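Pasting target10.pdb here (PDB, C-alpha atoms):
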```pdb
MODEL        1
ATOM      1  CA  MET A  18      77.012  -4.768  13.942
ATOM      2  CA  THR A  19      80.664  -5.528  13.334
ATOM      3  CA  PHE A  20      82.964  -5.094  16.287
ATOM      4  CA  SER A  21      86.742  -5.120  16.051
ATOM      5  CA  LEU A  22      87.665  -4.515  19.655
ATOM      6  CA  PRO A  23      91.012  -5.774  20.946
ATOM      7  CA  ILE A  24      89.362  -8.777  22.577
ATOM      8  CA  ASP A  25      88.867 -12.475  21.849
ATOM      9  CA  ALA A  26      87.248 -13.142  18.464
ATOM     10  CA  GLU A  27      84.396 -15.045  20.121
ATOM     11  CA  ALA A  28      83.685 -12.073  22.394
ATOM     12  CA  ASN A  29      83.583  -9.763  19.342
ATOM     13  CA  ALA A  30      81.297 -12.223  17.552
ATOM     14  CA  LEU A  31      78.881 -12.172  20.483
ATOM     15  CA  LEU A  32      78.805  -8.358  20.375
ATOM     16  CA  ASP A  33      78.128  -8.563  16.622
ATOM     17  CA  ARG A  34      75.064 -10.756  16.990
ATOM     18  CA  ASP A  35      73.619  -9.840  20.391
ATOM     19  CA  PRO A  36      72.521  -6.272  21.200
ATOM     20  CA  LEU A  37      72.111  -7.284  24.860
ATOM     21  CA  ALA A  38      75.814  -8.194  25.011
ATOM     22  CA  VAL A  39      76.687  -4.711  23.731
ATOM     23  CA  LEU A  40      74.449  -3.118  26.354
ATOM     24  CA  ILE A  41      75.934  -5.268  29.125
ATOM     25  CA  GLY A  42      79.451  -4.399  27.951
ATOM     26  CA  LEU A  43      78.686  -0.705  28.071
ATOM     27  CA  THR A  44      77.006  -1.086  31.453
ATOM     28  CA  LEU A  45      80.177  -2.686  32.806
ATOM     29  CA  ASP A  46      82.494  -0.171  31.121
ATOM     30  CA  GLN A  47      83.493   1.839  34.165
ATOM     31  CA  GLN A  48      86.450   1.522  36.497
ATOM     32  CA  ILE A  49      87.800  -1.424  34.500
ATOM     33  CA  THR A  50      89.469  -1.661  31.117
ATOM     34  CA  MET A  51      87.318  -1.482  28.043
ATOM     35  CA  GLU A  52      88.655  -4.886  27.032
ATOM     36  CA  LYS A  53      87.470  -6.437  30.306
ATOM     37  CA  ALA A  54      84.070  -4.757  30.071
ATOM     38  CA  PHE A  55      83.361  -5.979  26.553
ATOM     39  CA  THR A  56      84.750  -9.468  27.142
ATOM     40  CA  SER A  57      82.582 -10.007  30.225
ATOM     41  CA  PRO A  58      79.312 -10.597  28.294
ATOM     42  CA  HIS A  59      81.021 -13.532  26.559
ATOM     43  CA  VAL A  60      82.361 -14.877  29.860
ATOM     44  CA  LEU A  61      78.874 -14.511  31.375
ATOM     45  CA  ALA A  62      77.398 -16.531  28.500
ATOM     46  CA  GLN A  63      80.074 -19.209  28.960
ATOM     47  CA  ARG A  64      79.333 -19.456  32.671
ATOM     48  CA  LEU A  65      75.596 -19.746  32.030
ATOM     49  CA  GLY A  66      76.120 -22.245  29.212
ATOM     50  CA  HIS A  67      74.116 -20.092  26.786
ATOM     51  CA  GLU A  68      73.582 -16.494  25.729
ATOM     52  CA  PRO A  69      71.211 -14.979  28.283
ATOM     53  CA  THR A  70      68.125 -12.953  27.533
ATOM     54  CA  ALA A  71      67.199  -9.761  29.323
ATOM     55  CA  THR A  72      64.183 -11.532  30.808
ATOM     56  CA  GLU A  73      66.367 -14.315  32.180
ATOM     57  CA  LEU A  74      68.802 -11.867  33.792
ATOM     58  CA  ALA A  75      65.991  -9.651  35.115
ATOM     59  CA  GLU A  76      64.428 -12.645  36.867
ATOM     60  CA  PHE A  77      67.703 -14.281  37.963
ATOM     61  CA  ASP A  78      68.173 -14.934  41.654
ATOM     62  CA  PRO A  79      70.357 -11.975  42.760
ATOM     63  CA  GLU A  80      72.640 -14.117  44.942
ATOM     64  CA  ALA A  81      73.141 -16.657  42.169
ATOM     65  CA  LEU A  82      73.920 -13.866  39.685
ATOM     66  CA  LEU A  83      76.393 -12.387  42.146
ATOM     67  CA  ALA A  84      78.095 -15.781  42.432
ATOM     68  CA  ILE A  85      78.448 -15.908  38.639
ATOM     69  CA  PHE A  86      79.846 -12.365  38.515
ATOM     70  CA  SER A  87      82.221 -13.051  41.425
ATOM     71  CA  ALA A  88      83.701 -16.375  40.287
ATOM     72  CA  PRO A  89      87.380 -15.933  39.421
ATOM     73  CA  PRO A  90      88.167 -14.085  37.349
ATOM     74  CA  ALA A  91      85.355 -11.742  38.395
ATOM     75  CA  LEU A  92      83.412 -10.112  35.578
ATOM     76  CA  HIS A  93      84.044  -6.694  37.109
ATOM     77  CA  ARG A  94      86.196  -5.224  39.826
ATOM     78  CA  PHE A  95      82.944  -4.545  41.740
ATOM     79  CA  PRO A  96      80.983  -7.744  41.043
ATOM     80  CA  LYS A  97      78.204  -7.155  43.582
ATOM     81  CA  ALA A  98      77.355  -3.653  42.381
ATOM     82  CA  MET A  99      77.645  -4.539  38.717
ATOM     83  CA  ALA A 100      75.654  -7.769  38.915
ATOM     84  CA  ALA A 101      72.880  -5.685  40.465
ATOM     85  CA  ARG A 102      73.303  -2.953  37.829
ATOM     86  CA  VAL A 103      73.096  -5.411  34.924
ATOM     87  CA  GLN A 104      69.976  -6.893  36.503
ATOM     88  CA  GLU A 105      68.443  -3.407  36.902
ATOM     89  CA  VAL A 106      69.166  -2.575  33.250
ATOM     90  CA  CYS A 107      67.590  -5.866  32.162
ATOM     91  CA  ARG A 108      64.504  -5.138  34.253
ATOM     92  CA  VAL A 109      64.097  -1.820  32.430
ATOM     93  CA  LEU A 110      64.390  -3.665  29.118
ATOM     94  CA  VAL A 111      61.678  -6.100  30.222
ATOM     95  CA  ASP A 112      59.404  -3.372  31.591
ATOM     96  CA  ARG A 113      59.747  -0.867  28.731
ATOM     97  CA  TYR A 114      61.085  -2.722  25.687
ATOM     98  CA  ASP A 115      59.600  -6.241  25.803
ATOM     99  CA  GLY A 116      62.967  -7.597  26.934
ATOM    100  CA  GLU A 117      64.675  -6.653  23.675
ATOM    101  CA  ALA A 118      67.843  -4.565  23.892
ATOM    102  CA  ALA A 119      67.536  -3.492  20.251
ATOM    103  CA  ALA A 120      64.081  -2.075  20.992
ATOM    104  CA  LEU A 121      65.874   0.564  23.059
ATOM    105  CA  TRP A 122      66.975   2.211  19.821
ATOM    106  CA  ALA A 123      64.536   0.785  17.270
ATOM    107  CA  GLY A 124      62.239   3.368  15.763
ATOM    108  CA  VAL A 125      63.740   6.395  17.483
ATOM    109  CA  GLU A 126      63.069   9.510  15.448
ATOM    110  CA  SER A 127      65.794  11.762  16.814
ATOM    111  CA  GLY A 128      69.159  11.678  18.457
ATOM    112  CA  ALA A 129      67.658  13.481  21.419
ATOM    113  CA  GLU A 130      65.078  10.714  21.878
ATOM    114  CA  LEU A 131      67.780   8.056  21.607
ATOM    115  CA  TYR A 132      69.883   9.885  24.191
ATOM    116  CA  ARG A 133      66.881  10.205  26.566
ATOM    117  CA  ARG A 134      66.124   6.481  26.323
ATOM    118  CA  ILE A 135      69.726   5.534  27.081
ATOM    119  CA  PHE A 136      70.155   8.179  29.792
ATOM    120  CA  ALA A 137      67.092   6.713  31.558
ATOM    121  CA  LEU A 138      68.897   3.380  32.067
ATOM    122  CA  PRO A 139      70.262   2.665  35.552
ATOM    123  CA  GLY A 140      73.895   3.765  35.787
ATOM    124  CA  PHE A 141      73.914   5.680  32.501
ATOM    125  CA  GLY A 142      74.970   9.257  33.123
ATOM    126  CA  LYS A 143      75.545  11.914  30.486
ATOM    127  CA  GLN A 144      78.955  10.686  29.307
ATOM    128  CA  LYS A 145      78.023   7.007  29.112
ATOM    129  CA  ALA A 146      74.755   7.844  27.305
ATOM    130  CA  GLN A 147      76.632  10.008  24.794
ATOM    131  CA  ILE A 148      79.206   7.255  24.207
ATOM    132  CA  PHE A 149      76.414   4.744  23.586
ATOM    133  CA  VAL A 150      74.680   7.092  21.120
ATOM    134  CA  ALA A 151      78.038   7.480  19.329
ATOM    135  CA  LEU A 152      78.648   3.719  19.369
ATOM    136  CA  LEU A 153      75.229   3.037  17.877
ATOM    137  CA  GLY A 154      75.691   5.719  15.235
ATOM    138  CA  LYS A 155      79.263   4.959  14.241
ATOM    139  CA  GLN A 156      79.370   1.165  14.565
ATOM    140  CA  CYS A 157      75.773   0.000  14.247
ATOM    141  CA  GLY A 158      74.156   2.338  11.713
ATOM    142  CA  VAL A 159      71.623   3.734  14.210
ATOM    143  CA  GLN A 160      71.627   7.307  12.948
ATOM    144  CA  PRO A 161      68.394   9.170  13.649
ATOM    145  CA  GLU A 162      68.400  12.865  12.865
ATOM    146  CA  GLY A 163      70.622  14.729  15.312
ATOM    147  CA  TRP A 164      72.468  11.681  16.622
ATOM    148  CA  ARG A 165      75.895  13.318  16.373
ATOM    149  CA  ALA A 166      74.732  16.325  18.389
ATOM    150  CA  ALA A 167      73.146  14.029  20.979
ATOM    151  CA  ALA A 168      76.467  12.177  21.273
ATOM    152  CA  GLY A 169      78.323  15.409  22.036
ATOM    153  CA  GLY A 170      82.039  15.306  21.204
ATOM    154  CA  TYR A 171      81.856  11.502  21.017
ATOM    155  CA  GLY A 172      79.782  11.852  17.850
ATOM    156  CA  ASP A 173      82.363  13.894  15.946
ATOM    157  CA  ALA A 174      83.336  12.166  12.713
ATOM    158  CA  ASP A 175      87.073  12.184  13.358
ATOM    159  CA  ALA A 176      86.968  11.806  17.142
ATOM    160  CA  TYR A 177      88.974   9.062  18.767
ATOM    161  CA  ARG A 178      87.590   9.312  22.276
ATOM    162  CA  SER A 179      85.809   6.084  23.150
ATOM    163  CA  VAL A 180      84.866   2.532  22.260
ATOM    164  CA  ALA A 181      82.612   4.070  19.589
ATOM    165  CA  ASP A 182      85.703   4.914  17.536
ATOM    166  CA  ILE A 183      87.628   1.652  17.713
ATOM    167  CA  VAL A 184      87.670  -0.274  14.455
ATOM    168  CA  ASP A 185      91.304  -1.401  14.273
ATOM    169  CA  ASP A 186      94.660  -1.211  16.048
ATOM    170  CA  GLU A 187      95.357   2.315  14.800
ATOM    171  CA  SER A 188      92.061   3.714  16.096
ATOM    172  CA  LEU A 189      92.591   1.850  19.384
ATOM    173  CA  ALA A 190      95.969   3.566  19.782
ATOM    174  CA  LYS A 191      94.369   6.969  19.081
ATOM    175  CA  VAL A 192      91.623   6.363  21.675
ATOM    176  CA  ARG A 193      94.194   5.282  24.252
ATOM    177  CA  ALA A 194      96.301   8.389  23.537
ATOM    178  CA  TYR A 195      93.225  10.608  23.909
ATOM    179  CA  LYS A 196      92.270   9.002  27.236
ATOM    180  CA  LYS A 197      95.836   9.277  28.528
ATOM    181  CA  GLN A 198      95.955  12.979  27.635
ATOM    182  CA  ALA A 199      92.525  13.586  29.185
ATOM    183  CA  LYS A 200      93.667  11.989  32.449
ATOM    184  CA  ALA A 201      96.859  14.059  32.432
ATOM    185  CA  ASP A 202      94.867  17.234  31.791
ATOM    186  CA  ALA A 203      92.445  16.403  34.607
ATOM    187  CA  LYS A 204      95.311  15.692  36.991
ATOM    188  CA  ALA A 205      97.036  18.959  36.065
ATOM    189  CA  ALA A 206      93.805  20.918  36.540
ATOM    190  CA  LYS A 207      93.250  19.320  39.922
ATOM    191  CA  ALA A 208      96.809  20.140  41.026
ATOM    192  CA  SER A 209      96.488  23.828  40.139
TER     193      SER A 209
ENDMDL
END
```
Starting from the coordinates I provided, produce the structure as structure tokens.
Amino acid sequence: MTFSLPIDAEANALLDRDPLAVLIGLTLDQQITMEKAFTSPHVLAQRLGHEPTATELAEFDPEALLAIFSAPPALHRFPKAMAARVQEVCRVLVDRYDGEAAALWAGVESGAELYRRIFALPGFGKQKAQIFVALLGKQCGVQPEGWRAAAGGYGDADAYRSVADIVDDESLAKVRAYKKQAKADAKAAKAS
């Protein structure tokens, strides 16, 4: 993996080497900026003093994990809910994938299977699952047959719709423009 998100180089480096950090970033990527979501795994590792494993987070005392998520600056705008969500996702990894985030996508034979595995994670609805399929396909080389179809519009080759498409400043600007237009369209539809 090689991430070039508009975040601290050390946070990008963690995403490059740790599939769990990518999964945590995507888990947190709601109702906060993408930059905050994908920086938070690095901040979590700093606060713990090491890069956590899924098993460690799954077994972590919930109140202690909440304290880590809540310490200023909080890792998410809703630290209690998201500390619990990250823990739930890690428990699924432990229960179904031997605690290995990469096992979530290792050996999948189709995009549909990859989508189903991701969609089954706590807090991963259709859109977030499609974005993750696109991210894995476009940035990480996880491209089972049918992955673009499973990713919906996020899988389109020239789409600039999500974190899956960000590789430099130009693509970041295109994704931001797309999101801004989508919000404007949604607001206009709601008003009419």
Would you translate the PyMOL selection byres ((chain A and resi 103) around 8) into the concrete set of residues it matches in this file, as a PyMOL selection string?
chain A and resi 41+44-45+74+99-102+104-107
I'd like the contact shell of A:Ala166 - 10 Å cut-off, only C-alpha atoms, skipping same-chain residues fewer than 2 positions apart - returned as a VMD selection string.
chain A and resid 128 to 129 132 147 150 to 151 162 to 164 168 to 173
Produce a file of the selected residues containing C-alpha atoms, as a compact mmCIF listing (two decimals), in the coordinates of the input.
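Wrote selection38.txt, looks like this:
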```
# COMPACT_ATOMS: atom_id res chain seq x y z
CA GLY A 128 69.16 11.68 18.46
CA ALA A 129 67.66 13.48 21.42
CA TYR A 132 69.88 9.88 24.19
CA GLN A 147 76.63 10.01 24.79
CA VAL A 150 74.68 7.09 21.12
CA ALA A 151 78.04 7.48 19.33
CA GLU A 162 68.40 12.86 12.86
CA GLY A 163 70.62 14.73 15.31
CA TRP A 164 72.47 11.68 16.62
CA ALA A 168 76.47 12.18 21.27
CA GLY A 169 78.32 15.41 22.04
CA GLY A 170 82.04 15.31 21.20
CA TYR A 171 81.86 11.50 21.02
CA GLY A 172 79.78 11.85 17.85
CA ASP A 173 82.36 13.89 15.95
```
Tell me which residues the PyMOL selection byres ((chain A and resi 27-33) around 10) grabs here, as a PyMOL selection string.
chain A and resi 18-26+34-42+52+55-60+62+68+157
Give me a file of those residues, with C-alpha atoms, as a PDB file, in the frame of the given file.
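Once written, part09.pdb looks like this:
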```pdb
ATOM      1  CA  MET A  18      77.012  -4.768  13.942  1.00  0.00           C
ATOM      2  CA  THR A  19      80.664  -5.528  13.334  1.00  0.00           C
ATOM      3  CA  PHE A  20      82.964  -5.094  16.287  1.00  0.00           C
ATOM      4  CA  SER A  21      86.742  -5.120  16.051  1.00  0.00           C
ATOM      5  CA  LEU A  22      87.665  -4.515  19.655  1.00  0.00           C
ATOM      6  CA  PRO A  23      91.012  -5.774  20.946  1.00  0.00           C
ATOM      7  CA  ILE A  24      89.362  -8.777  22.577  1.00  0.00           C
ATOM      8  CA  ASP A  25      88.867 -12.475  21.849  1.00  0.00           C
ATOM      9  CA  ALA A  26      87.248 -13.142  18.464  1.00  0.00           C
ATOM     10  CA  ARG A  34      75.064 -10.756  16.990  1.00  0.00           C
ATOM     11  CA  ASP A  35      73.619  -9.840  20.391  1.00  0.00           C
ATOM     12  CA  PRO A  36      72.521  -6.272  21.200  1.00  0.00           C
ATOM     13  CA  LEU A  37      72.111  -7.284  24.860  1.00  0.00           C
ATOM     14  CA  ALA A  38      75.814  -8.194  25.011  1.00  0.00           C
ATOM     15  CA  VAL A  39      76.687  -4.711  23.731  1.00  0.00           C
ATOM     16  CA  LEU A  40      74.449  -3.118  26.354  1.00  0.00           C
ATOM     17  CA  ILE A  41      75.934  -5.268  29.125  1.00  0.00           C
ATOM     18  CA  GLY A  42      79.451  -4.399  27.951  1.00  0.00           C
ATOM     19  CA  GLU A  52      88.655  -4.886  27.032  1.00  0.00           C
ATOM     20  CA  PHE A  55      83.361  -5.979  26.553  1.00  0.00           C
ATOM     21  CA  THR A  56      84.750  -9.468  27.142  1.00  0.00           C
ATOM     22  CA  SER A  57      82.582 -10.007  30.225  1.00  0.00           C
ATOM     23  CA  PRO A  58      79.312 -10.597  28.294  1.00  0.00           C
ATOM     24  CA  HIS A  59      81.021 -13.532  26.559  1.00  0.00           C
ATOM     25  CA  VAL A  60      82.361 -14.877  29.860  1.00  0.00           C
ATOM     26  CA  ALA A  62      77.398 -16.531  28.500  1.00  0.00           C
ATOM     27  CA  GLU A  68      73.582 -16.494  25.729  1.00  0.00           C
ATOM     28  CA  CYS A 157      75.773   0.000  14.247  1.00  0.00           C
TER      29      CYS A 157
END
```
A:Ala118: which residues within 8 Å, counting only C-alpha atoms, same-chain residues fewer than 2 positions away excluded, as a ChimeraX atom specification?
/A:36-37,40,71,110,114,116,120-122
Residues matched by the PyMOL selection byres ((chain A and resi 195-200) around 12), written as a PyMOL selection string
chain A and resi 50-51+171+176-180+182+188-194+201-207
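Distance annotation: of A:Phe141, A:Pro161, A:Leu43, A:Ala146, the residue with the minimal separation from A:Gly124 is A:Pro161; atom set is all atoms listed in the file.
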Given only C-alpha atoms as the basis, pick out the residue of A:Phe149, A:Asp112, A:Arg64, A:Ala208 nearest to A:Pro89.
A:Arg64
Could you check which of A:Val111, A:Ile183, A:Ile148, A:Ala119 is closest to A:Asp46, using only C-alpha atoms?
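Of A:Val111, A:Ile183, A:Ile148, A:Ala119, the one nearest A:Asp46 is A:Ile148, counting only C-alpha atoms.
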Counting only C-alpha atoms, figure out which residue out of A:Ile85, A:Val109, A:Ala91, A:Ala98 gets nearest to A:Thr72.
A:Val109
What separation in Å, quoted to one decimal, exists between atom CA of A:Ala75 and atom CA of A:Arg108?
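These atoms are spaced 4.8 Å apart.
Coordinates place atom CA of A:Ala181 at a distance of 24.5 Å from atom CA of A:Pro96.
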For stretch 137-142 of chain A, take all atoms listed in the file, fit an axis-aligned box around them, add 3 Å to each of the six sides, then output centre and edge lengths in Å rounded to one decimal, as lines of an AutoDock Vina configuration file.
```
center_x = 71.0
center_y = 6.0
center_z = 33.7
size_x = 13.9
size_y = 12.6
size_z = 10.2
```
From the list A:Gln48, A:Gln160, A:Ser209, A:Lys97, which residue is nearest A:Glu130 when using only C-alpha atoms?
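Of the candidates, the smallest distance to A:Glu130 is held by A:Gln160.
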Just how far from atom CA of A:Leu138 is atom CA of A:Leu82, in Å to one decimal?
19.5 Å
